[in-house]
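Text of upload35.txt (compact mmCIF, C-alpha atoms and all ligand atoms) as supplied:
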```txt
# COMPACT_ATOMS: atom_id res chain seq x y z
CA MET A 1 0.00 0.00 0.00
CA SER A 2 1.62 3.26 -1.09
CA VAL A 3 0.86 6.71 0.34
CA ALA A 4 1.47 10.18 -1.08
CA ILE A 5 1.45 13.43 0.91
CA ARG A 6 0.93 16.37 -1.41
CA GLY A 7 1.21 20.12 -1.05
CA ALA A 8 3.05 20.23 2.29
CA VAL A 9 6.32 21.80 3.38
CA VAL A 10 8.77 19.09 4.46
CA VAL A 11 11.24 19.80 7.25
CA THR A 12 14.45 18.24 5.93
CA LYS A 13 18.14 18.42 6.86
CA ARG A 14 18.48 21.12 4.21
CA GLY A 15 15.68 23.26 5.70
CA GLU A 16 12.01 23.67 4.81
CA GLU A 17 11.20 22.46 1.29
CA ARG A 18 7.94 22.34 -0.67
CA LEU A 19 7.97 18.67 -1.61
CA ASP A 20 5.56 15.82 -2.14
CA VAL A 21 6.39 12.64 -0.23
CA LYS A 22 5.74 9.11 -1.42
CA ILE A 23 5.82 6.22 1.01
CA ALA A 24 6.00 2.54 0.13
CA GLU A 25 6.87 -0.57 2.14
CA GLY A 26 7.38 1.31 5.38
CA VAL A 27 9.96 3.78 4.07
CA ILE A 28 10.03 7.11 2.32
CA ALA A 29 10.41 6.02 -1.30
CA GLU A 30 10.47 9.37 -3.03
CA MET A 31 10.46 13.12 -2.32
CA GLY A 32 10.07 15.63 -5.13
CA THR A 33 8.09 18.55 -6.50
CA SER A 34 5.62 16.02 -7.85
CA VAL A 35 5.61 12.28 -7.12
CA GLY A 36 3.66 9.55 -8.93
CA PRO A 37 0.16 8.37 -7.89
CA ALA A 38 -0.32 6.32 -4.74
CA ASP A 39 -3.00 4.06 -3.25
CA ILE A 40 -3.75 6.63 -0.54
CA GLU A 41 -3.51 10.35 -1.27
CA LEU A 42 -3.16 12.77 1.66
CA ASP A 43 -3.63 16.50 1.36
CA GLY A 44 -0.85 18.43 3.10
CA THR A 45 -1.84 21.95 2.05
CA LYS A 46 -0.85 24.55 4.72
CA CYS A 47 0.90 21.76 6.65
CA HIS A 48 4.42 20.69 7.58
CA VAL A 49 5.70 17.12 7.38
CA LEU A 50 7.65 16.28 10.53
CA PRO A 51 9.02 13.09 12.03
CA GLY A 52 6.32 11.41 14.13
CA PHE A 53 6.44 12.60 17.73
CA VAL A 54 7.96 10.48 20.49
CA ASP A 55 6.55 10.78 24.00
CA LEU A 56 8.98 9.93 26.78
CA HIS A 57 6.21 9.87 29.35
CA ALA A 58 2.82 8.20 28.83
CA HIS A 59 0.77 6.36 31.45
CA LEU A 60 -1.14 3.77 29.45
CA ARG A 61 -2.53 2.05 32.59
CA GLU A 62 -2.48 -1.49 31.19
CA PRO A 63 -2.14 -3.89 32.93
CA GLY A 64 -4.24 -3.07 35.97
CA LYS A 65 -6.21 0.12 35.38
CA GLU A 66 -7.95 -0.58 32.10
CA ASP A 67 -11.00 1.40 33.23
CA SER A 68 -9.01 4.62 32.79
CA GLU A 69 -6.97 3.73 29.67
CA THR A 70 -5.81 0.73 27.69
CA ILE A 71 -2.78 0.41 25.48
CA GLU A 72 -5.14 0.56 22.53
CA THR A 73 -7.04 3.69 23.60
CA GLY A 74 -3.79 5.37 24.70
CA SER A 75 -2.23 4.50 21.33
CA ARG A 76 -5.22 6.03 19.55
CA ALA A 77 -4.91 9.20 21.63
CA GLY A 78 -1.20 9.17 20.78
CA VAL A 79 -1.54 8.99 17.01
CA LEU A 80 -4.20 11.70 17.07
CA GLY A 81 -1.57 13.84 18.80
CA GLY A 82 1.00 13.04 16.10
CA TYR A 83 2.95 10.43 18.09
CA THR A 84 4.45 7.35 16.50
CA ALA A 85 6.12 6.10 19.68
CA LEU A 86 5.17 6.25 23.35
CA VAL A 87 7.35 5.28 26.29
CA ALA A 88 4.94 3.46 28.61
CA MET A 89 5.44 4.36 32.26
CA PRO A 90 5.92 1.43 34.65
CA ASN A 91 3.40 2.28 37.39
CA THR A 92 0.99 -0.36 36.18
CA ASN A 93 -0.41 -3.20 38.26
CA PRO A 94 1.62 -5.40 38.25
CA ALA A 95 4.44 -2.91 37.77
CA GLN A 96 6.77 -3.24 34.78
CA ASP A 97 9.54 -4.88 36.77
CA SER A 98 9.63 -8.32 35.12
CA VAL A 99 10.17 -9.64 31.61
CA PRO A 100 6.62 -11.09 31.25
CA VAL A 101 5.00 -7.73 32.05
CA ILE A 102 7.38 -5.90 29.70
CA GLU A 103 6.59 -8.37 26.94
CA PHE A 104 2.86 -8.10 27.59
CA VAL A 105 2.98 -4.29 27.24
CA ARG A 106 5.02 -4.52 24.05
CA LEU A 107 2.69 -7.16 22.61
CA GLN A 108 -0.45 -5.16 23.45
CA GLY A 109 1.16 -2.24 21.63
CA GLN A 110 1.78 -4.43 18.58
CA ARG A 111 -1.79 -5.74 18.74
CA ALA A 112 -3.18 -2.21 18.73
CA GLY A 113 -0.81 -1.60 15.82
CA LEU A 114 -1.18 2.18 15.79
CA LEU A 115 2.28 3.20 17.01
CA GLU A 116 5.30 1.75 18.79
CA VAL A 117 4.80 1.19 22.51
CA VAL A 118 8.19 1.25 24.23
CA PRO A 119 7.95 -0.20 27.74
CA SER A 120 10.07 1.39 30.44
CA GLY A 121 11.28 -0.83 33.26
CA CYS A 122 11.17 -0.17 36.99
CA ILE A 123 14.37 0.78 38.77
CA THR A 124 13.20 -0.99 41.93
CA VAL A 125 11.03 -4.05 42.49
CA GLY A 126 7.38 -3.02 42.52
CA ARG A 127 8.59 0.62 42.51
CA ALA A 128 8.83 0.13 46.28
CA GLY A 129 12.26 1.73 46.51
CA THR A 130 13.87 -1.05 48.53
CA ALA A 131 15.54 -3.51 46.11
CA LEU A 132 16.77 -3.10 42.55
CA SER A 133 14.70 -4.68 39.79
CA PRO A 134 16.35 -7.35 37.61
CA MET A 135 17.80 -4.57 35.47
CA ALA A 136 20.21 -6.77 33.49
CA GLU A 137 17.47 -9.24 32.59
CA LEU A 138 15.12 -6.41 31.58
CA ALA A 139 17.88 -4.78 29.53
CA ARG A 140 18.45 -8.12 27.75
CA ALA A 141 14.72 -8.09 26.95
CA GLY A 142 15.28 -4.76 25.19
CA VAL A 143 14.36 -2.25 27.91
CA GLN A 144 16.49 0.86 27.48
CA ILE A 145 14.89 3.32 29.88
CA PHE A 146 14.25 2.65 33.57
CA THR A 147 12.22 4.68 36.03
CA ASP A 148 10.06 4.36 39.15
CA ASP A 149 7.89 7.24 37.88
CA GLY A 150 4.99 8.08 40.10
CA SER A 151 7.66 8.27 42.77
CA GLY A 152 11.37 8.96 42.92
CA VAL A 153 14.03 6.57 44.24
CA GLN A 154 14.42 7.94 47.76
CA ASP A 155 17.46 6.01 48.98
CA PRO A 156 20.68 7.60 47.64
CA ALA A 157 22.68 4.38 48.13
CA LEU A 158 20.18 2.41 46.04
CA MET A 159 20.16 5.12 43.36
CA ARG A 160 23.94 5.10 43.29
CA ARG A 161 23.94 1.33 42.80
CA ALA A 162 21.31 1.62 40.01
CA MET A 163 23.49 4.25 38.32
CA GLU A 164 26.58 2.01 38.53
CA TYR A 165 24.68 -0.88 36.92
CA SER A 166 23.12 1.39 34.33
CA ARG A 167 26.56 2.37 33.03
CA GLU A 168 27.53 -1.26 32.59
CA LEU A 169 24.21 -2.01 30.87
CA GLY A 170 24.26 1.07 28.63
CA ILE A 171 20.76 2.11 29.69
CA THR A 172 19.22 5.40 30.83
CA LEU A 173 17.68 6.06 34.24
CA ALA A 174 14.77 8.50 34.29
CA GLN A 175 14.08 10.08 37.66
CA HIS A 176 10.81 11.41 39.05
CA CYS A 177 12.37 14.04 41.30
CA GLU A 178 10.47 14.23 44.57
CA VAL A 179 11.79 13.84 48.09
CA SER A 180 8.59 12.34 49.39
CA SER A 181 9.04 13.22 53.07
CA LEU A 182 8.70 16.87 51.99
CA THR A 183 5.45 16.34 50.08
CA VAL A 184 3.29 14.30 52.47
CA GLY A 185 -0.37 15.18 51.86
CA ALA A 186 0.55 17.91 49.35
CA VAL A 187 -2.13 18.85 46.85
CA MET A 188 -0.50 21.82 45.08
CA ASN A 189 2.59 24.01 44.93
CA GLU A 190 3.72 25.42 48.28
CA CYS A 191 3.01 29.11 47.76
CA SER A 192 0.89 31.96 49.09
CA CYS A 193 -2.19 30.35 47.48
CA SER A 194 -1.68 27.08 49.36
CA SER A 195 -1.38 29.00 52.65
CA ASP A 196 -4.50 31.07 51.84
CA MET A 197 -6.38 27.90 51.01
CA GLY A 198 -5.04 26.11 54.08
CA VAL A 199 -3.87 23.06 52.15
CA PRO A 200 -0.51 21.28 52.38
CA GLY A 201 1.96 22.46 49.74
CA TRP A 202 4.59 20.65 47.60
CA PRO A 203 7.73 22.80 47.89
CA ALA A 204 10.06 23.38 44.94
CA LEU A 205 12.81 22.15 47.23
CA ALA A 206 11.42 18.60 47.17
CA GLU A 207 12.18 18.44 43.45
CA GLU A 208 15.41 20.40 43.48
CA LEU A 209 17.02 18.35 46.28
CA MET A 210 16.66 15.19 44.22
CA VAL A 211 17.83 16.87 41.01
CA HIS A 212 20.90 18.07 42.92
CA ARG A 213 21.51 14.66 44.52
CA ASP A 214 21.30 12.83 41.21
CA ILE A 215 23.60 15.30 39.48
CA GLU A 216 26.17 14.66 42.22
CA LEU A 217 25.67 10.89 41.88
CA ALA A 218 26.03 11.19 38.09
CA LYS A 219 29.38 12.91 38.63
CA ILE A 220 30.80 9.93 40.54
CA THR A 221 29.13 7.17 38.51
CA GLY A 222 29.14 8.63 34.99
CA ALA A 223 25.56 7.36 34.58
CA ARG A 224 23.15 8.75 31.99
CA ILE A 225 20.28 10.33 33.84
CA HIS A 226 17.07 11.84 32.47
CA PHE A 227 14.98 14.14 34.65
CA LEU A 228 11.25 13.66 34.16
CA HIS A 229 8.67 16.49 34.20
CA LEU A 230 10.83 19.27 35.68
CA SER A 231 8.70 22.03 37.11
CA THR A 232 10.80 24.66 38.90
CA ALA A 233 13.19 27.48 38.00
CA GLY A 234 15.69 26.03 40.48
CA SER A 235 15.72 22.68 38.66
CA VAL A 236 16.38 24.40 35.33
CA HIS A 237 19.31 26.26 36.93
CA LEU A 238 20.79 23.03 38.34
CA VAL A 239 20.50 21.18 35.01
CA ARG A 240 22.03 24.12 33.14
CA GLN A 241 25.06 24.07 35.47
CA ALA A 242 25.38 20.28 35.20
CA LYS A 243 25.26 20.36 31.42
CA ALA A 244 27.95 23.05 31.38
CA LEU A 245 30.19 20.49 33.12
CA GLY A 246 29.52 18.06 30.27
CA LEU A 247 27.54 15.53 32.33
CA PRO A 248 25.33 13.14 30.29
CA ILE A 249 22.12 14.60 31.68
CA THR A 250 18.85 15.22 29.84
CA ALA A 251 15.53 16.68 30.97
CA GLU A 252 11.93 17.09 29.90
CA VAL A 253 9.08 19.50 30.57
CA THR A 254 5.34 18.92 30.11
CA PRO A 255 2.92 21.12 28.15
CA HIS A 256 0.94 21.74 31.36
CA HIS A 257 3.98 23.02 33.27
CA LEU A 258 4.58 25.43 30.37
CA SER A 259 1.03 26.71 30.27
CA LEU A 260 -0.87 26.52 33.58
CA THR A 261 -0.19 28.16 36.95
CA GLU A 262 -0.76 27.24 40.58
CA LYS A 263 -3.52 29.90 40.77
CA LEU A 264 -5.90 27.54 38.98
CA LEU A 265 -6.00 25.40 42.13
CA ARG A 266 -7.92 28.21 43.88
CA SER A 267 -10.98 26.59 42.30
CA PHE A 268 -10.29 23.39 44.32
CA ASP A 269 -10.89 21.60 41.01
CA SER A 270 -8.86 18.40 41.00
CA VAL A 271 -8.50 18.47 37.21
CA TYR A 272 -5.57 20.82 37.99
CA LYS A 273 -4.01 18.48 40.55
CA VAL A 274 -0.86 16.98 39.08
CA ASN A 275 2.46 15.69 40.30
CA PRO A 276 4.74 17.67 40.31
CA PRO A 277 2.23 20.46 40.82
CA LEU A 278 1.52 23.48 38.64
CA ARG A 279 3.89 26.24 39.71
CA SER A 280 4.33 30.03 39.45
CA VAL A 281 4.60 32.34 36.44
CA ALA A 282 8.34 32.75 37.21
CA ASP A 283 8.78 28.96 37.05
CA ILE A 284 6.97 28.83 33.72
CA GLU A 285 9.23 31.55 32.32
CA ALA A 286 12.34 29.66 33.50
CA LEU A 287 11.07 26.40 31.98
CA LYS A 288 10.41 28.11 28.66
CA ALA A 289 13.87 29.72 28.67
CA GLY A 290 15.42 26.36 29.56
CA LEU A 291 13.62 24.66 26.69
CA LEU A 292 14.63 27.34 24.22
CA ASP A 293 18.33 27.31 25.20
CA GLY A 294 18.55 23.50 25.18
CA THR A 295 18.88 23.02 28.94
CA ILE A 296 15.62 21.09 28.71
CA ASP A 297 15.87 18.65 25.83
CA ALA A 298 12.34 17.45 25.29
CA ILE A 299 8.63 18.06 25.69
CA ALA A 300 6.90 15.02 27.23
CA THR A 301 3.22 14.75 28.05
CA ASP A 302 2.96 12.85 31.37
CA HIS A 303 -0.38 11.71 29.92
CA ALA A 304 -2.12 10.50 33.09
CA PRO A 305 -5.68 9.30 32.56
CA HIS A 306 -7.94 8.81 35.60
CA VAL A 307 -11.56 7.70 35.74
CA ARG A 308 -14.11 10.38 36.48
CA ARG A 309 -15.17 9.00 39.89
CA ASP A 310 -11.56 9.26 41.10
CA LYS A 311 -10.95 12.74 39.71
CA GLU A 312 -14.26 13.95 41.22
CA LEU A 313 -13.05 13.17 44.74
CA PRO A 314 -12.13 16.13 46.97
CA LEU A 315 -8.76 17.72 46.15
CA ASP A 316 -6.89 15.90 48.93
CA GLN A 317 -8.13 12.47 47.82
CA ALA A 318 -8.18 12.79 44.03
CA PRO A 319 -5.20 11.23 42.21
CA PRO A 320 -2.77 13.60 40.47
CA GLY A 321 -2.50 13.74 36.69
CA MET A 322 -4.07 15.02 33.50
CA LEU A 323 -4.39 13.90 29.88
CA GLY A 324 -1.77 15.14 27.47
CA LEU A 325 -1.35 13.20 24.24
CA GLU A 326 -4.06 14.77 22.11
CA THR A 327 -3.43 18.36 23.15
CA ALA A 328 0.38 18.48 23.46
CA LEU A 329 1.18 20.18 20.15
CA GLY A 330 -1.71 22.65 20.43
CA VAL A 331 -0.83 23.63 24.00
CA VAL A 332 2.87 24.04 23.25
CA LEU A 333 2.33 26.16 20.12
CA SER A 334 -0.24 28.28 21.96
CA VAL A 335 2.35 29.36 24.53
CA LEU A 336 5.61 29.21 22.55
CA ASP A 337 6.34 30.44 19.06
CA LEU A 338 8.37 27.45 17.85
CA THR A 339 9.59 26.77 14.32
CA PRO A 340 8.70 23.42 12.74
CA LEU A 341 12.35 22.37 13.19
CA GLN A 342 12.23 23.20 16.91
CA VAL A 343 9.05 21.12 17.24
CA ALA A 344 10.79 18.24 15.44
CA GLU A 345 13.74 18.45 17.81
CA MET A 346 11.84 18.86 21.07
CA MET A 347 8.99 16.44 20.39
CA SER A 348 10.67 13.87 18.19
CA ALA A 349 14.43 13.76 17.54
CA ARG A 350 15.71 14.34 21.07
CA PRO A 351 13.13 12.16 22.84
CA ALA A 352 13.83 9.38 20.30
CA LYS A 353 17.52 9.53 21.21
CA ILE A 354 16.80 9.53 24.95
CA ALA A 355 14.46 6.53 24.57
CA GLY A 356 17.07 4.67 22.50
CA ILE A 357 14.85 4.36 19.42
CA ALA A 358 16.55 6.89 17.13
CA GLU A 359 17.10 4.35 14.37
CA ARG A 360 13.31 4.13 13.87
CA HIS A 361 11.94 7.47 15.07
CA GLY A 362 12.86 11.13 15.20
CA MET A 363 14.68 11.35 11.88
CA LEU A 364 13.92 14.29 9.60
CA PRO A 365 12.20 12.95 6.46
CA GLU A 366 14.62 11.65 3.81
CA VAL A 367 14.44 9.11 1.01
CA GLY A 368 15.07 5.63 2.43
CA GLY A 369 14.23 6.80 5.96
CA PRO A 370 11.50 5.24 8.13
CA ALA A 371 7.94 6.34 7.33
CA ASN A 372 7.08 7.39 10.89
CA LEU A 373 5.74 10.87 10.22
CA CYS A 374 3.15 13.40 11.18
CA VAL A 375 1.65 16.15 9.07
CA VAL A 376 0.72 19.18 11.16
CA ASP A 377 -0.99 22.51 10.60
CA MET A 378 1.04 24.80 12.87
CA GLN A 379 -1.46 27.67 12.57
CA LYS A 380 -4.78 25.85 12.83
CA GLU A 381 -6.95 27.14 15.66
CA TRP A 382 -9.23 24.65 17.36
CA THR A 383 -11.10 24.17 20.60
CA VAL A 384 -10.84 21.04 22.72
CA GLU A 385 -14.16 19.21 22.78
CA PRO A 386 -14.33 16.64 25.58
CA ARG A 387 -16.32 14.09 23.62
CA SER A 388 -13.95 14.22 20.70
CA LEU A 389 -11.01 12.84 22.66
CA ALA A 390 -9.98 9.23 22.03
CA SER A 391 -8.61 8.64 25.51
CA LYS A 392 -10.83 6.50 27.72
CA SER A 393 -10.68 9.22 30.39
CA THR A 394 -11.68 12.86 30.22
CA ASN A 395 -9.46 14.55 32.83
CA THR A 396 -8.11 17.37 30.71
CA PRO A 397 -7.97 20.99 31.88
CA TYR A 398 -8.00 22.20 28.27
CA VAL A 399 -11.69 21.61 27.50
CA GLY A 400 -13.13 24.68 25.87
CA ARG A 401 -9.70 26.25 25.40
CA ALA A 402 -8.71 27.63 22.03
CA LEU A 403 -5.41 26.09 20.94
CA ARG A 404 -3.16 26.72 17.95
CA GLY A 405 -1.57 23.84 16.04
CA LYS A 406 -3.22 20.58 15.07
CA VAL A 407 -2.19 17.21 13.75
CA ARG A 408 -3.78 16.39 10.42
CA HIS A 409 -2.27 13.03 9.44
CA THR A 410 -0.07 10.47 11.18
CA ILE A 411 1.83 7.71 9.41
CA PHE A 412 3.29 4.81 11.36
CA ASP A 413 5.55 2.27 9.71
CA GLY A 414 4.22 3.35 6.32
CA HIS A 415 0.54 3.02 7.31
CA VAL A 416 -1.86 5.94 7.58
CA VAL A 417 -3.09 5.75 11.18
CA VAL A 418 -4.66 9.23 11.25
CA ASN A 419 -6.24 10.68 8.11
CA ASP A 420 -7.53 14.24 8.26
CA GLY A 421 -7.76 14.23 12.06
CA LYS A 422 -9.49 10.85 12.27
CA ALA A 423 -7.93 7.68 13.63
CA MET A 424 -8.17 4.88 11.07
CA ARG A 425 -8.61 2.13 13.69
O1 LIG B 1 0.51 13.61 37.98
C1 LIG B 1 1.04 12.52 37.91
N1 LIG B 1 0.33 11.43 37.59
N2 LIG B 1 2.34 12.42 38.17
C2 LIG B 1 2.96 11.22 38.27
O2 LIG B 1 4.14 11.19 38.52
C3 LIG B 1 2.18 9.98 38.11
C4 LIG B 1 0.98 10.21 37.28
C5 LIG B 1 -0.02 9.07 37.32
O3 LIG B 1 0.41 7.90 37.20
O4 LIG B 1 -1.20 9.32 37.41
```

Would you mind writing the structure in this file as structure tokens?
Ligand code: DOR
Amino acid sequence: MSVAIRGAVVVTKRGEERLDVKIAEGVIAEMGTSVGPADIELDGTKCHVLPGFVDLHAHLREPGKEDSETIETGSRAGVLGGYTALVAMPNTNPAQDSVPVIEFVRLQGQRAGLLEVVPSGCITVGRAGTALSPMAELARAGVQIFTDDGSGVQDPALMRRAMEYSRELGITLAQHCEVSSLTVGAVMNECSCSSDMGVPGWPALAEELMVHRDIELAKITGARIHFLHLSTAGSVHLVRQAKALGLPITAEVTPHHLSLTEKLLRSFDSVYKVNPPLRSVADIEALKAGLLDGTIDAIATDHAPHVRRDKELPLDQAPPGMLGLETALGVVLSVLDLTPLQVAEMMSARPAKIAGIAERHGMLPEVGGPANLCVVDMQKEWTVEPRSLASKSTNTPYVGRALRGKVRHTIFDGHVVVNDGKAMR
């Protein structure tokens, strides 16, 4: 089955070029001012062709929480957001700390067949923070990124040991930075709002202490460490300093930490409760600056679906997290004026490298290259309609918001998985 994308601007190594793209047998077969007919014709007028996005941070909830999302529904949400690969977070039930669970997640991804599901492995058994997972065995099964996301590894000695092993195994450790003794009961950022509201706050320090600790551990172990969902100006400062020393550190930021502030929690609406919490305007400005100067490598969604009955609980009981896959591009382009090349770097090329899948994803389109692509209208204005989302859950704070930038088509492994904004399966 061949596919042609016509009328779009392609972001290539040489710059932006007005080219048609023909895809056959899973690769880009031809690029030129006019390519021959194909079985499926896609209109790319007013659009850019980019490498398919890669999300370093998606909670797909399967196994264990299939009422909020499944690998299939999460994959569908992913392709609608332009993603061709999702790193599946390990806080499933059972957790992704054994080869059978890893293989199950990978297989469910293949069954859904919409994009590549890349399972992450736990750093510690059951994410309990007490004993290391069988990291070598998981690495042999192809796991390249390890994390206890949902919580950070609290014990510095255990983290040091994980870092030492990770060097030997050539894998990346991704840290959820939160010193949990500082965040007990916290529902939002520790700030004047949290004091006014009389609710326990989550101080910036709880994140920054762990960022600092892991940078110091990286210095003595040489481990590759990736910082998940950074949310404070102090964290950006620490990572900038560490990178200046040449340490192999990478970091990500979410669309919600670039666009929403702590003040929204004044409503006591748990749709805004997320971990780490929404922060101040000054933090947002520092995160944006960090992203633009390369201190922060990637944009990652932290897509965290939750069923309505859980999210409707009072603020202190509701679980943290919000949807992200279908709105990521629109939210990011609404708050940052990025070029198509910057989008390709932040949402595709760099995350693909960090996830260890750069031979299949994240490459700028070229003849012979993999046909994992998205076709996006960077200017398109649209409003998020709750019922139009493919995710099984609805916990997005962006309902009713006008966004700029929309995915029109997504092509995975040469197959059209989204055609004109509609998922094909
Ligand atoms: O808000 C969050 N939700 N942060 C996390 O670290 C975990 C996630 C979830 O699994 O719901």

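Each of A:Met322, A:Met363, A:Cys177, A:Val184 was checked against Val211 (chain A) using only C-alpha atoms; the smallest atom-to-atom distance is that of A:Cys177.
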
Please list as a list in words every residue within 8 Å of Val10 (chain A), counting all atoms listed in the file and excluding residues in the same chain fewer than 5 positions away.
Glu16, Glu17, Arg18, Leu19, His48, Val49, Leu50 and Pro365 of chain A

Save out the residues we just selected, C-alpha atoms, as a compact mmCIF listing (two decimals), in the frame of the given file.
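As written to disk, out.txt reads:
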```txt
# COMPACT_ATOMS: atom_id res chain seq x y z
CA GLU A 16 12.01 23.67 4.81
CA GLU A 17 11.20 22.46 1.29
CA ARG A 18 7.94 22.34 -0.67
CA LEU A 19 7.97 18.67 -1.61
CA HIS A 48 4.42 20.69 7.58
CA VAL A 49 5.70 17.12 7.38
CA LEU A 50 7.65 16.28 10.53
CA PRO A 365 12.20 12.95 6.46
```

Is it possible to get the axis-aligned box enclosing ligand LIG 1 (chain B) (all listed atoms, 4 Å extra per side) as lines of an AutoDock Vina configuration file, with centre and edge lengths in Å rounded to one decimal?
```
center_x = 1.5
center_y = 10.8
center_z = 37.9
size_x = 13.3
size_y = 13.7
size_z = 9.3
```

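One finds CA of Val179 (chain A) at 7.1 Å from CA of Leu209 (chain A).
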
Option closest in space to Val239 (chain A), from A:Arg401, A:Arg213, A:Arg106, A:His409 [counting all atoms listed in the file]
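That would be A:Arg213, the residue with the smallest distance to Val239 (chain A).
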
Collect all residues with atoms no farther than 9 Å from ligand LIG 1 (chain B), counting only C-alpha atoms and all ligand atoms, and output them as a PDB file with C-alpha atoms, in the frame of the given file.
```pdb
ATOM      1  CA  ALA A  58       2.820   8.200  28.830  1.00  0.00           C
ATOM      2  CA  HIS A  59       0.770   6.360  31.450  1.00  0.00           C
ATOM      3  CA  LEU A  60      -1.140   3.770  29.450  1.00  0.00           C
ATOM      4  CA  ARG A  61      -2.530   2.050  32.590  1.00  0.00           C
ATOM      5  CA  MET A  89       5.440   4.360  32.260  1.00  0.00           C
ATOM      6  CA  PRO A  90       5.920   1.430  34.650  1.00  0.00           C
ATOM      7  CA  ASN A  91       3.400   2.280  37.390  1.00  0.00           C
ATOM      8  CA  THR A  92       0.990  -0.360  36.180  1.00  0.00           C
ATOM      9  CA  ASP A 149       7.890   7.240  37.880  1.00  0.00           C
ATOM     10  CA  GLY A 150       4.990   8.080  40.100  1.00  0.00           C
ATOM     11  CA  SER A 151       7.660   8.270  42.770  1.00  0.00           C
ATOM     12  CA  GLY A 152      11.370   8.960  42.920  1.00  0.00           C
ATOM     13  CA  HIS A 176      10.810  11.410  39.050  1.00  0.00           C
ATOM     14  CA  LEU A 228      11.250  13.660  34.160  1.00  0.00           C
ATOM     15  CA  HIS A 229       8.670  16.490  34.200  1.00  0.00           C
ATOM     16  CA  LYS A 273      -4.010  18.480  40.550  1.00  0.00           C
ATOM     17  CA  VAL A 274      -0.860  16.980  39.080  1.00  0.00           C
ATOM     18  CA  ASN A 275       2.460  15.690  40.300  1.00  0.00           C
ATOM     19  CA  PRO A 276       4.740  17.670  40.310  1.00  0.00           C
ATOM     20  CA  PRO A 277       2.230  20.460  40.820  1.00  0.00           C
ATOM     21  CA  ASP A 302       2.960  12.850  31.370  1.00  0.00           C
ATOM     22  CA  HIS A 303      -0.380  11.710  29.920  1.00  0.00           C
ATOM     23  CA  ALA A 304      -2.120  10.500  33.090  1.00  0.00           C
ATOM     24  CA  PRO A 305      -5.680   9.300  32.560  1.00  0.00           C
ATOM     25  CA  HIS A 306      -7.940   8.810  35.600  1.00  0.00           C
ATOM     26  CA  PRO A 319      -5.200  11.230  42.210  1.00  0.00           C
ATOM     27  CA  PRO A 320      -2.770  13.600  40.470  1.00  0.00           C
ATOM     28  CA  GLY A 321      -2.500  13.740  36.690  1.00  0.00           C
ATOM     29  CA  MET A 322      -4.070  15.020  33.500  1.00  0.00           C
TER      30      MET A 322
END
```

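Nearest to Leu287 (chain A) of all the residues A:Arg76, A:His237, A:Arg140, A:Arg111 is A:His237, based on all atoms listed in the file.
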
Could you name the residues that touch region 130-136 of chain A at 9 Å or less, counting all atoms listed in the file, but leaving out those on the same chain fewer than 3 positions away, as number ranges by chain?
A: 97-99, 121-127, 139-141, 143, 146, 153, 155, 158-159, 161-162, 165-166, 169

Quote the spacing between CA of Ile296 (chain A) and CA of Val376 (chain A) in Å to one decimal place.
23.1 Å

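Here CA of Leu315 (chain A) stands at a distance of 15.5 Å from CA of Thr396 (chain A).
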
Quick one: everything within 12 Å of Gly246 (chain A), counting only C-alpha atoms, minus sequence neighbours fewer than 3 positions away in the same chain. Send it as a PyMOL selection string.
chain A and resi 215+218-219+222+224+239-243+249-250+295

Tell me which of A:Pro94, A:Gly74, A:Gly129, A:Pro386 sits closest to Gly109 (chain A), counting all atoms listed in the file.
A:Gly74
